[in-house]
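What follows is a set of notes on a single structure, which appears directly below.
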Amino acid sequence: MIGSFNFSVLPKIIFGKGKSAELPKLIKGYGDNIILVTGKESFQNNPEGEKIVASLKDNGITANPVVVTGEPSPAIVDKTARFFREKEIDCVVAIGGGSVMDAGKAISAMIPDEGVVEDYLEGRGDKKHSGRKIPFIAVPTTAGTGSETTKNAVLSMVGPEGFKASLRHDNFVPEIALVDPMLTLTCPPDITAASGMDCFTQLVESYISTEASPFTDALAQEGLKAVKKSLVTSYEDGTDVDARTGMSFAAMVSGICLANAGLGIVHGFASPIGARFNIPHGVICGTLMGAANEVNVKRLRATPGCEAALIKYARLGLLFTGKRDGASKEDYVDAFIVYLNKLVERFKLPKLARYGIANDHIYDILKKADCKNNPVRLSPADIKEIFMKRYK
């Protein structure tokens with residue numbers, strides 16, 4: 001029996017190799033004066049990016065540049081929104097990784113508003129956004145966050161009093177998600193691995209989520225098939241267009257899934273760690289993925305009524321490790337955990353202590369780690385076990 005579920009609105013999705021050539025025409029549907037939000041490295045070192053800039057100029061489009069370095073802060077959003085608020089901006093276009101797309105999404109939302117963005121962040125402010133925005137086009141250059149298909153922008157302030165929080169509204173879904181795998185070809189191996197593991201984590205966590213539905217399961221399974229086929233290849237040979245295409249598809253789908261099914265304990269760690277320490281989001285997710293799922297499985301096996309989640313883990317084991325004669329459901333569950341741990345080592349994902357996390361920071365991180373939508377309730381001891389497996 002299929003139960004009830006809700007499903008969020010999606011952007012118009014344009015997917016495929018070479019599709020970025022359509023960007024000028026898409027922009028012209030809104031006007032010819034845009035804000036172009038990019039990352040310093042991901043865009044300026046990308047030959048395809050140079051083609052895009054040239055094509056915008058050739059089509060009479062004025063691109064007002066905004067460069068985002070690192071994860072976006074409320075300060076860069078407020079500064080940009082104030083600067084452009086009195087100007088006639090027709091469209092905001094973000095070309096880059098998840099941070100760039102989140103920044104562009106937030107800028108498009110804050111230009112029509114006189115306030116500061118922190119007033120509208122979940123868990124930070126007490127205002128409700130009207131949903132008014134400047135039309136927004138998202139063009140990813142990495143295969144990771146899936147921000148091109150979501151309604152939230154994650155903003156950060158890193159430090160002892162830091163935070164990571166979302167600006168969220170149904171209207172903030174991009175008008176257009178233009179996904180061209182050719183833009184990911186120059187992504188270096190370390191970023192390919194970290195962003196790919198973020199995507200992988202999002203698909204797994206939404207698949208085993210307590211809020212999963214047959215709709216999100218079907219999408220997650222297709223995304224996971226693409227991860228199985230493409231993640232390692234795109235890491236080892238970044239010029240493999242088919243592998244890059246598979247990961248671009250998987251990342252896009254992971255955004256749809258997380259928006260509708262939610263995430264689990266890995267992303268529950270990512271927020272407090274990323275708020276306090278300058279660690280790339282994909283590195284946090286990637287390094288914790290094996291340990292988190294290992295502890296999840298241990299707790300699921302010890303908790304009555306969790307058979308459905310364990311069956312899903314077995315399906316993941318079958319998908320990623322292949323069918324074996326005589327293998328039981330439990331064998332496939334264990335095989336998936338082994339696969340994840342080997343992948344973490346293969347990608348050389350670092351332990352968390354490398355980034356300056358000291359013993360006296362651990363209690364605060366564990367206290368703030370969120371288990372929402374995790375397939376099983378984890379005890380404080382479980383949460384600590386996950387962290388310590390990847391601490392030193």
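Residues in the structure tokens are numbered from 1 in each chain, the chains being A, B, ... in the order shown, and ligands are numbered from 1 in the order shown.
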List as a ChimeraX atom specification the protein and nucleic acid residues near Pro350 of chain A, meaning an atom at most 8 Å away when only C-alpha atoms are counted, but skip any in the same chain fewer than 2 places from it.
/A:283,287,348,352,354
Taking only residues of segment 238-315 of chain A that have an atom at most 6 Å from an atom of segment 186-207 of chain A, what is each one's shortest atom pair and its distance in Å to one decimal, using only C-alpha atoms, in chain and number order, as a tab-separated table?
residue	atom	partner	partner_atom	distance
A:Ala251	CA	A:Cys199	CA	5.2
A:Ser254	CA	A:Leu203	CA	5.2
A:Cys257	CA	A:Ser206	CA	5.9
A:Leu258	CA	A:Ser206	CA	5.5
A:Ala261	CA	A:Ser206	CA	5.2
A:Gly262	CA	A:Ser206	CA	5.7
A:Leu263	CA	A:Glu205	CA	5.1
A:Gly264	CA	A:Glu205	CA	5.4
A:Gly282	CA	A:Ala194	CA	4.4
A:Val283	CA	A:Ala194	CA	5.1
A:Cys285	CA	A:Asp198	CA	5.6
A:Gly286	CA	A:Met197	CA	4.9
Considering only C-alpha atoms, can you say which of A:Leu343, A:Val297, A:Ile61, A:Ile256 comes closest to Asp217 of chain A?
A:Ile256
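We find atom CA of Ala270 of chain A and atom CA of Ser166 of chain A to be spaced 13.2 Å apart.
Considering only C-alpha atoms, the residue among A:Gly123, A:Pro380, A:Gly290, A:Pro160 positioned nearest to Ile273 of chain A is A:Pro160.
Shortest separation to Asn152 of chain A among A:Lys228, A:Lys105, A:Lys57, A:Lys79 occurs at residue A:Lys105, atoms counted being only C-alpha atoms.
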